[in-house]
Amino acid sequence: MNIPFLVNMLAFVFSLFVVGAILGAAFSRTEVGSRVIAQARQKLRVLMFGWEFPPFNSGGLGVACLGLTRSLANKDLDLVFVMPKRLPGPVPFAKIVSAQIDQTQTEDGRTITYSVTDYSINSPVTPYVSSEVYANSKDGLRFEDGTPVYGTDLVSEARRYAKLGGAIAKREPHDLIYAHDWLSFGAGKEAKRISRKPLIAHVHSTEFDRTGGDGIDQRIYDLERAGMHAADRVVAVSGRTKQAVVDRYAIPEEKVRVVWNGIDKTTAPAPDPASPKRLSSLKKAGYKLVLFLGRITIQKGPDYFIRAARRVVDRDKNVLFILAGSGDMERQMMHLAASLGIADKVLFPGFLRGHDQHEAYALADLFVMPSVSEPFGLAALEAMRVGTPVIVSKQSGVAEAIPSALKVDFWDVEKMADLMLSVLESPALREELSRKGVAEAAGLTWDRSAEEIRSLIDGLTLRAA
Amino acid sequence: MASICIYLQIHQPYRLKHYRVFDVGNDSEYFNDAGESDLNNGRILRKVAEKSYLPTALLLLRMLEEHPGFRVSLSLSGIVVKQLERDAPEVLELFKRMVATGRVEILGETYYHSLAFFYSLPEFERQVAKHRELIARVFGVEPRVFRNTELSYRNDLGTWADAQGYAGVITEGWDAILGWRSPNFVYRPKGASQARLLLKNYRFSDDIAFRFSSRAWGEWPLTVEKFGQWVAAAEGDTINLFMDFETFGEHQWRETGIFDFLEHLPRELSKNPRIDFKTPSEVIAAYEPKDEVDIPHILTWADTDRDLTAWVGNDLQRSAIEKLYGLETGVLASSDTKLVEDWRRLQTSDHFYYMCTKWSADGDVHAYFSPYASPYEAFTSYMSALVDLEVRLRRGEAVSP
């Protein structure tokens, strides 16, 4: 029988799959397992616990994991990326990987299946939503037959994942443990208990961000807090997030490092010049397009966007607002636009991916990210990268990293509307913001983020040695 | 003497395909879904024709042949006639043969099955005129009795029909407007001189249209004998059975026995010498009006509210329809026939019905009649299409001097 040992031993519903991520510049997925294994023993070995990994991801966490691990792999590290569950993908590419990796065995002869999985999803709902919303969501990650990928209760899934952490730590030799967000913190903490290696907890978002500060899930907060306290170092994606880690989770300031997220062609492929530019028809007809792109949830502030839109429309009837994404507030936002009398000015294209998403970023005249509480806000960088001016809320982490961008308090819809109109009415300002935005985004690479993490790892492993 | 007056509604909208923001300005074919979904209009029409239109029309023709006293009346939207011409011409031929018997009356309505009366009287009149022309061309007859979309009615519709020379108007016989009075009489619309009001007997109509196959209903199974007894016992001059033509074979499947019920109805009812069949015009000619009925607020035949809230009850629906009629001046001034036609097809009441959120957040109650996954999906497609209409208007303005 070729059944993974852990499945039998632990009798958990979900089986263990380790994603050997990462490679050099060519990033050929077929090489995944073999190179990781072949080069394993000479390098510093990092055992990384995550929850999602593109293309099977739902939001920024998976994107950040891809960007970071890809760049870290270029920094003379051997990375093993662990996911709690194998996600069977219907695409050919997943099969290629599995076939090659089925031969991989650990030292004691047990089979470990390495798999990078591919699965396209409809919705950005997962680790970035509260557990309750997740449970109630009809749009969660689902297999083709409709069964949820991670079950209905994220907290219990995270706890089960945590129990596996120790077993994995015994089987995967490593020098350092790295865990992404609360869903993986338990696993990282358990691994550390077994191997006594240093642990880094990377905070991509906190429960306070996800809930907009309203009605946090105490169980999740406890998992976050325990993970951060058990860690030797905490990485926060922004100064804003660091402040939350210190203030709300009582972590000593000196234990927390700020490492901004990045953007490069790994996580945001450059738009294909041949890709369609369908939205340009609207622009040729005289409309200016203002884009919101993100989950339509309380955290992202879509309601402030629509209220600002109302004010803009009063001044300029030629502006259309595109509210792209899905989420539990989508229907409410349609009613809000209708009740404000601008149902014909706010268009809802749903969740955008691939070409559609690139096109929206590239052809919008303005991108607005009015988040109520945003640990970082990669979407702003995606827009800037393709030359689209952005307005971000002061309550978003990315604001620290992009000096040229326009900033506004999320609640100040009057100011937000003024800024929108300024950008839309002034080609010179648009040009200026576009130029500076491209330059600033270009400086924020994943390699830069990985470099900072690498030096953090060096510091910890030297000390441990 | 009591008369049975049966009128059956035939209508199919041009359903709007999933129309995306990315289609705006690039694709102005709103109604050409050609896939396997329920947005493929030709596919739906052929399905309904097979299940309902063909077998029912054949049966009605035979009934007309076998029972010289049998009468039935039809109302067809203009857009269903056009779709039948294209996708099921054999059905239209059967309808023509029915009308040729002289015992099938065709009612007047709006060509686009719209709510234009309540939003733009000039547009409403244009659509009624367009419908008259079509009915004259296809059936060689002129409607004498008017029925507005979804039996919607208000006093001013009665006076409008009166001024236009119609013999009468049809609407719902709803208790709230009738009070102690029975729907089984002819009435006068408030303010009308000649025109009469015929009111649907919704209890008997719904026994057939909605409850026929319901095993939870105490009277199930409904037989022609039982129905004949009820009708014989009912007071009044006329029992108006108004329902969708699709009741036969579509809403009530063949397996429910609905065709047998229909087939045996004339024979069973004609056993009683006090009962006959009449068309709406014949009812109006035969019976004196008993009273005047005052309907100051919009009445329809839908839901328990019997108003327009199924179509324009929420802010999404109101935004959509107000935007639509807000484009009227520009659209008509464009003299772009395709643009005008698309704008009118978007007036069909079904589009707004699909956006109804009345009973639950998911609009479950209306789900049976909606090809969209949710009212919100219907709304986003519709609003994007309206923006495309605007883009076309702008382009037209840019071209013309």
# chains A, B, ... in the order shown; residues from 1 in each chain; ligands from 1
$ interface_residues --of "chain A" --to "chain B" --cutoff "6 Å" --atoms "only C-alpha atoms" --output "list in words"
Arg278, Leu279, Ser281, Leu282, Ala285, Ala338 and Pro349 of chain A
$ select_by_dssp --residues "stretch 182-240 of chain A" --states "strand (DSSP E or B)" --output "PyMOL selection string"
chain A and resi 199-203+233-236
$ residues_around --residues "A:Thr461" --least-positions-apart "4" --cutoff "12 Å" --atoms "only C-alpha atoms" --output "number ranges by chain"
A: 44-46, 174-177, 196-200, 232-233, 454-457, 465
$ write_last_selection --atoms "N, CA and C atoms" --output "CSV table (one decimal), in the first residue's frame"
chain,number,residue,atom,x,y,z
A,44,LEU,N,20.8,25.6,4.5
A,44,LEU,CA,19.9,25.8,5.7
A,44,LEU,C,18.5,25.4,5.3
A,45,ARG,N,17.9,24.6,6.2
A,45,ARG,CA,16.6,24.0,5.8
A,45,ARG,C,15.5,24.7,6.6
A,46,VAL,N,14.5,25.2,5.9
A,46,VAL,CA,13.4,25.9,6.5
A,46,VAL,C,12.1,25.1,6.3
A,174,HIS,N,15.1,20.0,9.6
A,174,HIS,CA,15.0,21.4,9.4
A,174,HIS,C,15.9,22.1,10.4
A,175,ASP,N,16.2,23.4,10.1
A,175,ASP,CA,17.0,24.2,11.0
A,175,ASP,C,16.1,25.3,11.5
A,176,LEU,N,15.0,25.6,10.9
A,176,LEU,CA,14.2,26.7,11.3
A,176,LEU,C,12.7,26.5,10.9
A,177,ILE,N,11.8,27.0,11.7
A,177,ILE,CA,10.4,26.8,11.4
A,177,ILE,C,9.8,28.1,11.1
A,196,ARG,N,12.6,21.9,18.8
A,196,ARG,CA,13.3,23.0,19.5
A,196,ARG,C,14.1,23.9,18.6
A,197,LYS,N,13.7,24.0,17.4
A,197,LYS,CA,14.3,24.9,16.4
A,197,LYS,C,13.6,26.3,16.5
A,198,PRO,N,14.3,27.3,16.1
A,198,PRO,CA,13.7,28.6,16.2
A,198,PRO,C,12.4,28.7,15.3
A,199,LEU,N,11.5,29.5,15.7
A,199,LEU,CA,10.2,29.7,15.0
A,199,LEU,C,10.0,31.2,14.6
A,200,ILE,N,9.7,31.4,13.3
A,200,ILE,CA,9.3,32.7,12.9
A,200,ILE,C,7.8,32.7,12.6
A,232,ASP,N,10.1,33.0,18.0
A,232,ASP,CA,11.3,33.7,18.4
A,232,ASP,C,11.3,35.1,17.8
A,233,ARG,N,10.7,35.2,16.6
A,233,ARG,CA,10.6,36.5,15.9
A,233,ARG,C,9.2,36.5,15.3
A,454,ARG,N,15.8,36.7,5.0
A,454,ARG,CA,17.0,35.8,5.1
A,454,ARG,C,17.9,36.3,6.2
A,455,SER,N,18.1,37.6,6.3
A,455,SER,CA,19.0,38.0,7.4
A,455,SER,C,18.4,37.8,8.8
A,456,LEU,N,17.1,37.8,8.9
A,456,LEU,CA,16.4,37.5,10.1
A,456,LEU,C,16.7,36.0,10.5
A,457,ILE,N,16.6,35.1,9.4
A,457,ILE,CA,16.8,33.7,9.6
A,457,ILE,C,18.3,33.4,10.0
A,465,ALA,N,22.7,27.9,16.7
A,465,ALA,CA,23.8,27.0,16.6
A,465,ALA,C,24.8,27.3,17.7
$ residues_around --residues "B:Lys190" --least-positions-apart "5" --cutoff "12 Å" --atoms "only C-alpha atoms" --output "PyMOL selection string"
chain B and resi 153-162+169+195-197+291-296
$ closest_residue --among "A:Pro173, A:Pro403, A:Gly437, A:Pro273" --to "A:Ala383" --atoms "only C-alpha atoms"
A:Gly437
$ select_by_dssp --residues "stretch 79-257 of chain B" --states "helix (DSSP H, G or I)" --output "PyMOL selection string"
chain B and resi 79-87+89-100+116-118+121-139+149-151+155-163+175-178+202-209+224-233+245-247+254-256
$ residues_around --residues "A:Leu320" --least-positions-apart "2" --cutoff "8 Å" --atoms "only C-alpha atoms" --output "number ranges by chain"
A: 287-290, 318, 322, 345-347
$ closest_residue --among "B:Ala285, B:Gly396, B:His18, B:Tyr187" --to "B:Ser374" --atoms "only C-alpha atoms"
B:His18
$ closest_residue --among "B:Phe369, B:Phe124, B:Glu397, B:Ala192" --to "B:Asp38" --atoms "only C-alpha atoms"
B:Phe369
$ closest_residue --among "B:Tyr353, B:Tyr372, B:Tyr7, B:Phe277" --to "B:Ser114" --atoms "only C-alpha atoms"
B:Tyr353
$ residues_around --residues "stretch 53-67 of chain B" --least-positions-apart "3" --cutoff "7 Å" --atoms "only C-alpha atoms" --output "MDAnalysis selection string"
chainID B and resid 48:50 70 91 94:95 98 248 263
$ residues_around --residues "A:Leu352" --least-positions-apart "2" --cutoff "9 Å" --atoms "only C-alpha atoms" --output "number ranges by chain"
A: 122, 293, 324-326, 349-350, 354-358, 360
$ write_last_selection --atoms "C-alpha atoms" --output "PDB file, in the first residue's frame"
ATOM      1  CA  ASN A 122     -14.451  31.494  -7.581  1.00  0.00           C
ATOM      2  CA  LEU A 293     -10.882  45.477  -6.598  1.00  0.00           C
ATOM      3  CA  ALA A 324     -14.940  44.166  -8.641  1.00  0.00           C
ATOM      4  CA  GLY A 325     -14.887  41.223  -6.309  1.00  0.00           C
ATOM      5  CA  SER A 326     -17.247  39.108  -4.328  1.00  0.00           C
ATOM      6  CA  PRO A 349     -18.425  42.564 -12.644  1.00  0.00           C
ATOM      7  CA  GLY A 350     -18.007  39.976  -9.873  1.00  0.00           C
ATOM      8  CA  GLY A 354      -6.534  36.499 -15.161  1.00  0.00           C
ATOM      9  CA  HIS A 355      -6.965  38.752 -18.156  1.00  0.00           C
ATOM     10  CA  ASP A 356     -10.039  40.387 -16.708  1.00  0.00           C
ATOM     11  CA  GLN A 357      -8.169  41.424 -13.593  1.00  0.00           C
ATOM     12  CA  HIS A 358      -5.129  42.697 -15.453  1.00  0.00           C
ATOM     13  CA  ALA A 360      -9.234  46.236 -14.966  1.00  0.00           C
TER      14      ALA A 360
END
